[in-house]
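Have a look at the structure below before the remarks.
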Amino acid sequence: MDNYYLVIHASIAIKLIIILFIILFGPKRKIESDLRARNVTSPHRSYRVVNITKGVFFQVLLLLLPLDLILLMLPALTHLMNVAAISAIQPHFSAIVPVNFFWGRLYTVDLIGKYPDALTSFIVLAVSAAGIAFFMLSKIALPVALYGQYVFIVNCISAIYFVFFPSNFPYSVRDYSELYIKLQSGLWMFLPIIMLMSLLPLPATGYSKLGASMVTFVYSIVFGFARYVISLYVLVNYSYIWMAIIFFIFGPLLDFVYIVGVYSFYLSVIAERYKGNIKMWRWIY
Amino acid sequence: MEVDILVILKGYAVFVIVVSVIYLIRHFIFTMDRVFGEQKMYYQDIIESDYPSVTVFVSMHNEEKVAMNVLELLVKCDYPQDKLSIIPINDHSTDKTREILDSFAAKYPIIRPLHRDSGERGKAVALNDGMALTDHEIMMVFDADYLPPKGILKDIAVCFINPEVGAVMGRVVPINVSTNLLTRILDIERSGGYQVDQQARYNMRLIAQYGGTVGGFRRKEVLALGGFNHKSLTEDTELTFKLYLEGWKVVYANRVECYEEAPETWAVRARQITRWSRGHNQVMFTYFTRFIFCENISFREKVDGVLLLFVYAMPFVLLVGMANSLALFFLGESGIFASTSMISLFLVGCSTFGNYAPFYEIGLAVFLDGATRRLRLLPLLIFNFFFNMFYTSKGFLEAFVDVTTGRATIWQKTERFRKAAP
């Protein structure tokens with residue numbers, strides 16, 4: 001573990017020194033007054049290409065900083081998530097359990113979950129079947145109807161499972177916690193790389209890209225944190241019957257929606273800002 | 001026995017991850033090539049004095065709402081009149097399409113309508129009948145809801161100066177973008193498909209696709225290939241692969257833009273995408289083996305062609321993958337996602353990158369198009385993801401039944417929404 005932190009600290013220090021060096025001694029960005037040359041015809045959309053961003057190396061270093069940050073924070077963050085979950089749930093029994101993750105360590109929680117009784121399982125089954133029928137027969141927009149059916153089908157399968165094989169359910173809260181923590185940590189580690197790949201080609205400054213990346217990153221941490229606490233609360237207080245829907249409906253697919261959301265908003269801001277700026281474009285090659 | 005089922009389920013999960021990664025890499029390469037790479041243009045700089053003779057086909061089945069617009073614009077095109085013939089094909093219409101075509105024929109001698117009142121209905125058979133009526137060199141096709149600009153026929157025809165070119169495809173742009181959320185979403189999807197996907201494939205000398213409208217092909221050569229298959233619902237995709245198998249090339253002309261009417265209701269869109277998927281997968285089942293072993297096609301074309309052939313099968317693979325992961329979950333095997341750090345990281349990577357890549361491609365395509373606020377619609381494509389997955393899978397299964405039972409297919413025309421001339 002000591003080596004783990006040593007490597008990350010060294011990585012951050014090296015990046016910061018290089019970034020500082022580039023800021024102090026690197027080529028200065030010239031603010032040109034004729035950036036918006038409105039009288040010049042912009043290249044037609046058919047074959048225009050984007051000008052390659054200057055200072056790519058500098059931007060790569062900047063955009064990789066959140067990766068160091070998350071690697072540094074992961075053990076403490078996952079520990080904090082479990083502490084928060086325990087304080088929100090107030091269980092009779094709880095234990096924070098460390099698990100290995102690559103060369104580092106993460107923390108999961110062991111709590112006692114609740115099994116649904118037969119009546120609850122039947123009610124959930126009936127409501128889910130009614131939900132499927134409603135979305136199949138309703139006149140609402142087809143994509144919403146299909147998504148609604150998917151949600152209720154997952155829930156229906158879960159209810160059927162608990163009606164017929166309640167004692168065979170193969171997971172505990174601890175299993176769920178480990179699955180969630182590992183998947184969420186994996187996502188947090190990938191997030192800076194996704195943002196690097198998607199933001200780097202855009203014609204904008206490294207600082208604004210770092211801003212967009214950090215907004216996504218902070219949102220992801222807050223969202224991941226809240227989702228974890230809420231899902232554990234549901235499993236402990238309202239039963240395992242909801243685990244499938246928590247995992248399949250409110251799982252990693254939702255993360256992807258806000259990642260695309262921030263990216264698309266940032267892209268629209270860049271597009272608006274550089275509209276009519278012919279220096280952003282090249283023609284054919 | 002139980003062990004065997006688990007092995008199959010786990011193996012399928014790995015298979016889904018692998019193919020997702022392959023398609024992710026494909027999307028990423030296409031996007032980077034289009035945004036930063038050298039762009040391959042068509043033959044727009046050639047000023048030709050001797051254009052080839054051209055016949056334009058517009059297949060129509062109950063197209064009274066749109067027939068007049070497309071014909072008015074086609075007669076205004078600047079193509080030499082002595083080398084141009086327009087054959088609107090009235091394919092079993094029961095509305096006023098016949099009267100509209102006859103009135104145009106009376107006014108413009110270059111318009112020679114073909115009224116089909118008996119026999120099989122459908123675009124493929126209509127085009128075959130149309131080709132029998134002309135001896136012109138180049139055949140061009142527009143759908144009835146299209147609004148061709150003045151110079152488009154010359155732009156397409158000039159590409160056939162290259163004797164290697166078997167077909168030419170232009171870019172389709174929706175005109176009714178601002179009608180509702182669906183048309184806006186379809187507009188950005190189209191942008192991704194043409195501005196990035198088609199152009200990148202053309203840049204990289206891969207399989208540029210003839211799309212059956214805003215395009216053209218050589219008559220004699222297509223007849224030599226047996227004309228269009230009456231059973232095919234996507235005669236355009238079939239022609240693309242037939243041409244490549246015979247060593248022809250397809251030109252994609254991104255600058256040759258033509259407006260179309262995008263579906264305005266989800267039900268119409270569902271039928272359209274089901275038909276596309278059914279037709280495309282028919283082609284996949286029929287041509288996959290021949291394409292793999294064909295000697296006229298380069299290795300890189302084969303790789304791209306195979307990925308293109310399977311593109312409408314992927315949603316079915318993903319749908320089964322979702323069912324598979326549900327089965328694994330209830331069998332207590334979700335641990336395969338979390339038991340080792342590497343697998344969980346890999347799964348998250350595929351989920352995020354795999355889902356993200358097409359959106360990334362569409363986002364940058366819309367950016368290249370110069371759009372601004374439309375970009376904010378990207379997250380809404382998640383609903384379209386489920387919608388497309390369901391109806392494309394339906395089309396895949398129908399194609400499977402078509403191919404295995406040899407059942408006949410019935411052409412379903414896309415409903416039009418035009419209220420007044422644009």
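Residue numbering restarts at 1 for every chain of the structure tokens, chains are lettered A, B, ... in their displayed order, and ligands are numbered from 1 as they appear.
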
Against chain B, which residues of chain A fall within 8 Å? For each one I want the closest pair of atoms and the distance in Å (one decimal), counting only C-alpha atoms, rows by chain and increasing residue number, as a Markdown table.
| residue | atom | partner | partner_atom | distance |
| --- | --- | --- | --- | --- |
| A:Arg45 | CA | B:Asp369 | CA | 5.3 |
| A:Ser46 | CA | B:Arg255 | CA | 5.2 |
| A:Tyr47 | CA | B:Gln39 | CA | 6.2 |
| A:Arg48 | CA | B:Leu368 | CA | 7.3 |
| A:Val49 | CA | B:Val35 | CA | 5.0 |
| A:Val50 | CA | B:Val35 | CA | 5.7 |
| A:Asn51 | CA | B:Phe36 | CA | 7.3 |
| A:Ile52 | CA | B:Phe36 | CA | 7.1 |
| A:Phe101 | CA | B:Ser341 | CA | 5.6 |
| A:Phe102 | CA | B:Ser341 | CA | 6.2 |
| A:Ala141 | CA | B:Trp266 | CA | 6.8 |
| A:Leu142 | CA | B:Trp266 | CA | 6.1 |
| A:Pro143 | CA | B:Phe387 | CA | 5.0 |
| A:Val144 | CA | B:Phe383 | CA | 6.8 |
| A:Leu146 | CA | B:Phe387 | CA | 6.7 |
| A:Tyr147 | CA | B:Phe386 | CA | 6.6 |
| A:Val154 | CA | B:Leu326 | CA | 7.9 |
| A:Tyr161 | CA | B:Phe330 | CA | 7.9 |
| A:Phe169 | CA | B:Phe330 | CA | 7.3 |
| A:Pro170 | CA | B:Gly332 | CA | 5.0 |
| A:Tyr171 | CA | B:Gly332 | CA | 6.9 |
| A:Glu178 | CA | B:Ala338 | CA | 7.3 |
| A:Leu179 | CA | B:Ala338 | CA | 5.2 |
| A:Lys182 | CA | B:Ala338 | CA | 6.5 |
| A:Leu183 | CA | B:Ser344 | CA | 5.7 |
| A:Gly186 | CA | B:Leu345 | CA | 4.7 |
| A:Leu187 | CA | B:Val348 | CA | 5.8 |
| A:Phe190 | CA | B:Gly349 | CA | 6.6 |
| A:Ile194 | CA | B:Phe353 | CA | 7.3 |
| A:Ser198 | CA | B:Tyr360 | CA | 7.2 |
| A:Ala244 | CA | B:Phe329 | CA | 7.9 |
| A:Pro252 | CA | B:Ser351 | CA | 7.4 |
| A:Leu253 | CA | B:Ser351 | CA | 7.4 |
| A:Phe256 | CA | B:Thr352 | CA | 6.0 |
| A:Val257 | CA | B:Pro379 | CA | 5.7 |
| A:Tyr258 | CA | B:Pro379 | CA | 7.5 |
| A:Val260 | CA | B:Pro379 | CA | 5.6 |
| A:Gly261 | CA | B:Pro379 | CA | 5.3 |
| A:Ser264 | CA | B:Arg376 | CA | 5.2 |
| A:Phe265 | CA | B:Arg376 | CA | 5.5 |
| A:Leu267 | CA | B:Leu375 | CA | 7.0 |
| A:Ser268 | CA | B:Thr372 | CA | 4.8 |
| A:Val269 | CA | B:Thr372 | CA | 7.3 |
| A:Ala271 | CA | B:Thr372 | CA | 5.3 |
| A:Glu272 | CA | B:Thr372 | CA | 5.5 |
| A:Lys275 | CA | B:Gly370 | CA | 7.3 |
| A:Ile284 | CA | B:Gln39 | CA | 4.8 |
| A:Tyr285 | CA | B:Glu38 | CA | 4.2 |

Inset, instruction - Write down as an NGL selection string the residues belonging to region 54-283 of chain B that are assigned strand (DSSP E) by DSSP computed on the backbone. - result: :B and (54-60 or 84-91 or 114-116 or 138-143 or 165-174 or 215-218 or 249-260)

Residues from last step as file, C-alpha atoms, as a PDB file, in the first residue's frame:
ATOM      1  CA  VAL B  54     -29.378   9.141 -67.687  1.00  0.00           C
ATOM      2  CA  THR B  55     -32.744   7.775 -66.648  1.00  0.00           C
ATOM      3  CA  VAL B  56     -34.112   8.825 -63.283  1.00  0.00           C
ATOM      4  CA  PHE B  57     -36.494   6.444 -61.496  1.00  0.00           C
ATOM      5  CA  VAL B  58     -38.878   7.529 -58.773  1.00  0.00           C
ATOM      6  CA  SER B  59     -40.765   4.572 -57.378  1.00  0.00           C
ATOM      7  CA  MET B  60     -44.197   5.590 -56.052  1.00  0.00           C
ATOM      8  CA  LEU B  84     -32.293  12.729 -69.709  1.00  0.00           C
ATOM      9  CA  SER B  85     -35.385  10.680 -69.144  1.00  0.00           C
ATOM     10  CA  ILE B  86     -37.501  10.584 -65.972  1.00  0.00           C
ATOM     11  CA  ILE B  87     -39.558   7.466 -65.284  1.00  0.00           C
ATOM     12  CA  PRO B  88     -41.815   7.816 -62.248  1.00  0.00           C
ATOM     13  CA  ILE B  89     -43.087   4.319 -61.482  1.00  0.00           C
ATOM     14  CA  ASN B  90     -46.657   4.193 -60.237  1.00  0.00           C
ATOM     15  CA  ASP B  91     -46.535   0.948 -58.277  1.00  0.00           C
ATOM     16  CA  LEU B 114     -44.711   3.560 -65.883  1.00  0.00           C
ATOM     17  CA  HIS B 115     -48.020   2.438 -64.409  1.00  0.00           C
ATOM     18  CA  ARG B 116     -47.812  -0.934 -62.718  1.00  0.00           C
ATOM     19  CA  ILE B 138     -26.802   5.419 -66.123  1.00  0.00           C
ATOM     20  CA  MET B 139     -29.790   4.804 -63.874  1.00  0.00           C
ATOM     21  CA  MET B 140     -30.460   7.188 -60.999  1.00  0.00           C
ATOM     22  CA  VAL B 141     -32.931   6.637 -58.196  1.00  0.00           C
ATOM     23  CA  PHE B 142     -34.755   9.060 -55.912  1.00  0.00           C
ATOM     24  CA  ASP B 143     -37.446   8.245 -53.392  1.00  0.00           C
ATOM     25  CA  VAL B 165     -17.213   3.008 -60.555  1.00  0.00           C
ATOM     26  CA  GLY B 166     -20.307   0.822 -60.479  1.00  0.00           C
ATOM     27  CA  ALA B 167     -22.528   2.974 -58.275  1.00  0.00           C
ATOM     28  CA  VAL B 168     -22.613   6.418 -56.676  1.00  0.00           C
ATOM     29  CA  MET B 169     -24.242   7.502 -53.437  1.00  0.00           C
ATOM     30  CA  GLY B 170     -25.035  11.018 -52.210  1.00  0.00           C
ATOM     31  CA  ARG B 171     -25.932  12.334 -48.774  1.00  0.00           C
ATOM     32  CA  VAL B 172     -29.461  12.337 -47.378  1.00  0.00           C
ATOM     33  CA  VAL B 173     -30.487  15.290 -45.182  1.00  0.00           C
ATOM     34  CA  PRO B 174     -33.889  15.454 -43.422  1.00  0.00           C
ATOM     35  CA  GLY B 215     -27.573   7.759 -56.231  1.00  0.00           C
ATOM     36  CA  GLY B 216     -27.051   5.920 -59.455  1.00  0.00           C
ATOM     37  CA  PHE B 217     -25.667   2.777 -61.057  1.00  0.00           C
ATOM     38  CA  ARG B 218     -24.742   1.419 -64.505  1.00  0.00           C
ATOM     39  CA  LYS B 249     -16.286   0.366 -56.630  1.00  0.00           C
ATOM     40  CA  VAL B 250     -18.900   2.607 -55.040  1.00  0.00           C
ATOM     41  CA  VAL B 251     -18.326   6.366 -54.781  1.00  0.00           C
ATOM     42  CA  TYR B 252     -19.691   8.285 -51.818  1.00  0.00           C
ATOM     43  CA  ALA B 253     -20.243  11.975 -52.631  1.00  0.00           C
ATOM     44  CA  ASN B 254     -20.737  13.779 -49.317  1.00  0.00           C
ATOM     45  CA  ARG B 255     -21.283  17.147 -51.024  1.00  0.00           C
ATOM     46  CA  VAL B 256     -24.144  15.799 -53.133  1.00  0.00           C
ATOM     47  CA  GLU B 257     -26.873  16.534 -50.625  1.00  0.00           C
ATOM     48  CA  CYS B 258     -30.566  15.893 -51.102  1.00  0.00           C
ATOM     49  CA  TYR B 259     -33.398  16.643 -48.704  1.00  0.00           C
ATOM     50  CA  GLU B 260     -35.778  13.910 -47.607  1.00  0.00           C
TER      51      GLU B 260
END

Legend entry - For Ala226 (chain A): contacts at 10 Å, only C-alpha atoms, fewer than 5 positions along chain excluded, given as a list in words: Met81, Ala84, Ala85, Ser220, Ile221 and Ser231 of chain A

Selected residues written out with N, CA and C atoms, as a PDB file, in the first residue's frame:
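Result written to again.pdb:
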ATOM      1  N   MET A  81     -17.748   5.883   1.666  1.00  0.00           N
ATOM      2  CA  MET A  81     -19.058   5.457   1.149  1.00  0.00           C
ATOM      3  C   MET A  81     -19.710   4.468   2.117  1.00  0.00           C
ATOM      4  N   ALA A  84     -20.779   6.193   5.321  1.00  0.00           N
ATOM      5  CA  ALA A  84     -22.012   6.955   5.077  1.00  0.00           C
ATOM      6  C   ALA A  84     -23.215   6.016   5.008  1.00  0.00           C
ATOM      7  N   ALA A  85     -23.023   4.876   4.332  1.00  0.00           N
ATOM      8  CA  ALA A  85     -24.136   3.922   4.209  1.00  0.00           C
ATOM      9  C   ALA A  85     -24.545   3.396   5.585  1.00  0.00           C
ATOM     10  N   SER A 220     -20.040  12.338 -11.067  1.00  0.00           N
ATOM     11  CA  SER A 220     -19.995  10.885 -10.991  1.00  0.00           C
ATOM     12  C   SER A 220     -19.769  10.419  -9.557  1.00  0.00           C
ATOM     13  N   ILE A 221     -18.893  11.110  -8.831  1.00  0.00           N
ATOM     14  CA  ILE A 221     -18.612  10.721  -7.444  1.00  0.00           C
ATOM     15  C   ILE A 221     -19.849  10.930  -6.572  1.00  0.00           C
ATOM     16  N   SER A 231     -29.109   2.326  -2.545  1.00  0.00           N
ATOM     17  CA  SER A 231     -29.333   0.921  -2.906  1.00  0.00           C
ATOM     18  C   SER A 231     -29.135   0.004  -1.698  1.00  0.00           C
TER      19      SER A 231
END

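One distance worth recording is that between CA of Asp45 (chain B) and CA of Ile161 (chain B), which is 12.1 Å.
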
Inset, instruction - Apply DSSP to the backbone of this structure and, from region 40-200 of chain B, keep only the residues in alpha helix (DSSP H); write these as a VMD selection string. - result: chain B and resid 67 to 75 97 to 107 123 to 131 152 to 158 181 to 191 199 to 200

Written selection (N, CA and C atoms) as a short mmCIF file (atom, residue, chain, number, x, y, z; two decimals), in the first residue's frame:
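Result file selection-v9.cif:
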data_model
loop_
_atom_site.label_atom_id
_atom_site.label_comp_id
_atom_site.auth_asym_id
_atom_site.auth_seq_id
_atom_site.Cartn_x
_atom_site.Cartn_y
_atom_site.Cartn_z
N ALA B 67 -45.54 13.48 -54.74
CA ALA B 67 -45.15 13.22 -56.13
C ALA B 67 -44.86 14.49 -56.91
N MET B 68 -45.71 15.48 -56.73
CA MET B 68 -45.57 16.72 -57.49
C MET B 68 -44.23 17.41 -57.21
N ASN B 69 -43.84 17.46 -55.93
CA ASN B 69 -42.61 18.18 -55.55
C ASN B 69 -41.37 17.58 -56.20
N VAL B 70 -41.25 16.27 -56.13
CA VAL B 70 -40.03 15.64 -56.66
C VAL B 70 -39.96 15.80 -58.19
N LEU B 71 -41.09 15.70 -58.86
CA LEU B 71 -41.07 15.83 -60.33
C LEU B 71 -40.78 17.27 -60.75
N GLU B 72 -41.37 18.22 -60.04
CA GLU B 72 -41.11 19.63 -60.36
C GLU B 72 -39.61 19.94 -60.25
N LEU B 73 -38.99 19.42 -59.22
CA LEU B 73 -37.56 19.69 -59.02
C LEU B 73 -36.70 18.93 -60.02
N LEU B 74 -37.09 17.72 -60.37
CA LEU B 74 -36.29 16.95 -61.33
C LEU B 74 -36.29 17.60 -62.72
N VAL B 75 -37.42 18.14 -63.15
CA VAL B 75 -37.44 18.78 -64.49
C VAL B 75 -36.65 20.09 -64.49
N THR B 97 -51.96 9.40 -57.44
CA THR B 97 -50.61 9.38 -58.01
C THR B 97 -50.65 9.27 -59.54
N ARG B 98 -51.49 8.38 -60.06
CA ARG B 98 -51.58 8.18 -61.51
C ARG B 98 -51.91 9.50 -62.23
N GLU B 99 -52.90 10.21 -61.73
CA GLU B 99 -53.31 11.47 -62.37
C GLU B 99 -52.18 12.50 -62.34
N ILE B 100 -51.49 12.56 -61.21
CA ILE B 100 -50.38 13.53 -61.09
C ILE B 100 -49.30 13.20 -62.13
N LEU B 101 -48.94 11.93 -62.22
CA LEU B 101 -47.88 11.53 -63.17
C LEU B 101 -48.31 11.81 -64.61
N ASP B 102 -49.55 11.51 -64.93
CA ASP B 102 -50.02 11.73 -66.30
C ASP B 102 -50.05 13.22 -66.65
N SER B 103 -50.40 14.03 -65.67
CA SER B 103 -50.43 15.48 -65.95
C SER B 103 -49.01 16.00 -66.20
N PHE B 104 -48.04 15.48 -65.46
CA PHE B 104 -46.64 15.90 -65.69
C PHE B 104 -46.14 15.38 -67.04
N ALA B 105 -46.54 14.16 -67.39
CA ALA B 105 -46.10 13.58 -68.67
C ALA B 105 -46.64 14.40 -69.84
N ALA B 106 -47.85 14.91 -69.69
CA ALA B 106 -48.44 15.71 -70.77
C ALA B 106 -47.69 17.03 -70.94
N LYS B 107 -47.14 17.51 -69.85
CA LYS B 107 -46.48 18.81 -69.86
C LYS B 107 -44.99 18.70 -70.23
N LYS B 123 -40.12 -2.14 -54.65
CA LYS B 123 -39.15 -1.27 -55.33
C LYS B 123 -38.25 -2.05 -56.29
N ALA B 124 -37.82 -3.24 -55.84
CA ALA B 124 -36.89 -4.02 -56.67
C ALA B 124 -37.52 -4.40 -58.02
N VAL B 125 -38.72 -4.92 -57.96
CA VAL B 125 -39.38 -5.35 -59.20
C VAL B 125 -39.76 -4.14 -60.05
N ALA B 126 -40.11 -3.03 -59.41
CA ALA B 126 -40.45 -1.81 -60.15
C ALA B 126 -39.22 -1.29 -60.90
N LEU B 127 -38.06 -1.32 -60.26
CA LEU B 127 -36.84 -0.86 -60.92
C LEU B 127 -36.47 -1.79 -62.09
N ASN B 128 -36.66 -3.07 -61.90
CA ASN B 128 -36.39 -4.01 -63.01
C ASN B 128 -37.27 -3.70 -64.21
N ASP B 129 -38.56 -3.46 -63.95
CA ASP B 129 -39.48 -3.12 -65.03
C ASP B 129 -39.08 -1.80 -65.68
N GLY B 130 -38.67 -0.86 -64.86
CA GLY B 130 -38.25 0.45 -65.39
C GLY B 130 -37.03 0.34 -66.29
N MET B 131 -36.08 -0.50 -65.87
CA MET B 131 -34.84 -0.64 -66.67
C MET B 131 -35.14 -1.25 -68.04
N ILE B 152 -27.78 18.19 -59.05
CA ILE B 152 -27.48 16.88 -58.46
C ILE B 152 -27.27 15.79 -59.52
N LEU B 153 -27.99 15.86 -60.64
CA LEU B 153 -27.85 14.79 -61.64
C LEU B 153 -26.45 14.84 -62.26
N LYS B 154 -25.95 16.06 -62.53
CA LYS B 154 -24.59 16.20 -63.08
C LYS B 154 -23.55 15.69 -62.07
N ASP B 155 -23.77 16.07 -60.80
CA ASP B 155 -22.83 15.66 -59.75
C ASP B 155 -22.71 14.14 -59.67
N ILE B 156 -23.84 13.47 -59.80
CA ILE B 156 -23.80 12.00 -59.72
C ILE B 156 -23.24 11.41 -61.01
N ALA B 157 -23.69 11.95 -62.14
CA ALA B 157 -23.29 11.37 -63.44
C ALA B 157 -21.79 11.47 -63.68
N VAL B 158 -21.18 12.57 -63.23
CA VAL B 158 -19.76 12.79 -63.52
C VAL B 158 -18.87 11.70 -62.89
N LEU B 181 -39.46 15.72 -31.63
CA LEU B 181 -38.23 15.15 -31.07
C LEU B 181 -37.69 14.02 -31.96
N LEU B 182 -38.59 13.20 -32.48
CA LEU B 182 -38.16 12.08 -33.32
C LEU B 182 -37.39 12.57 -34.55
N THR B 183 -37.92 13.56 -35.23
CA THR B 183 -37.25 14.04 -36.45
C THR B 183 -35.89 14.67 -36.10
N ARG B 184 -35.83 15.29 -34.93
CA ARG B 184 -34.54 15.87 -34.50
C ARG B 184 -33.52 14.76 -34.23
N ILE B 185 -33.99 13.72 -33.57
CA ILE B 185 -33.09 12.61 -33.26
C ILE B 185 -32.65 11.91 -34.55
N LEU B 186 -33.60 11.73 -35.48
CA LEU B 186 -33.24 11.08 -36.75
C LEU B 186 -32.25 11.93 -37.53
N ASP B 187 -32.39 13.25 -37.41
CA ASP B 187 -31.47 14.14 -38.11
C ASP B 187 -30.04 13.94 -37.61
N ILE B 188 -29.85 13.86 -36.29
CA ILE B 188 -28.48 13.70 -35.80
C ILE B 188 -27.96 12.29 -36.07
N GLU B 189 -28.87 11.31 -36.08
CA GLU B 189 -28.45 9.94 -36.45
C GLU B 189 -27.97 9.88 -37.90
N ARG B 190 -28.74 10.52 -38.79
CA ARG B 190 -28.37 10.56 -40.21
C ARG B 190 -27.01 11.25 -40.38
N SER B 191 -26.83 12.32 -39.59
CA SER B 191 -25.57 13.07 -39.66
C SER B 191 -24.39 12.13 -39.35
N GLN B 199 -18.46 8.72 -45.08
CA GLN B 199 -17.30 9.44 -45.60
C GLN B 199 -16.00 8.77 -45.16
N ALA B 200 -15.95 8.31 -43.91
CA ALA B 200 -14.72 7.66 -43.43
C ALA B 200 -14.48 6.36 -44.19
#

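Nearest to Val320 (chain B) of all the residues B:Ile46, B:Val21, B:Ala144, B:Met389 is B:Met389, based on only C-alpha atoms.
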
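Using only C-alpha atoms for every distance, the candidate list A:Ser121, A:Asp68, A:Ser42, A:Thr78 yields A:Asp68 as the residue closest to Val7 (chain A).
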
Excluding Leu61 (chain A) and any residue of its chain fewer than 6 positions from it, enumerate the residues within 10 Å of it, using only C-alpha atoms, and give them as an mmCIF file with C-alpha atoms, in the first residue's frame.
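Heads up, here's the output in around-v3.cif:
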data_model
loop_
_atom_site.group_PDB
_atom_site.id
_atom_site.type_symbol
_atom_site.label_atom_id
_atom_site.label_comp_id
_atom_site.auth_asym_id
_atom_site.auth_seq_id
_atom_site.Cartn_x
_atom_site.Cartn_y
_atom_site.Cartn_z
ATOM 1 C CA ILE A 12 1.096 13.838 -9.722
ATOM 2 C CA ILE A 14 5.922 14.921 -12.223
ATOM 3 C CA LYS A 15 2.805 16.017 -14.127
ATOM 4 C CA LEU A 16 2.511 19.251 -12.139
ATOM 5 C CA ILE A 18 5.888 19.559 -16.432
ATOM 6 C CA ILE A 19 2.617 21.536 -16.591
ATOM 7 C CA LEU A 196 -9.424 12.574 -22.465
ATOM 8 C CA GLY A 206 -6.844 22.591 -21.937
#
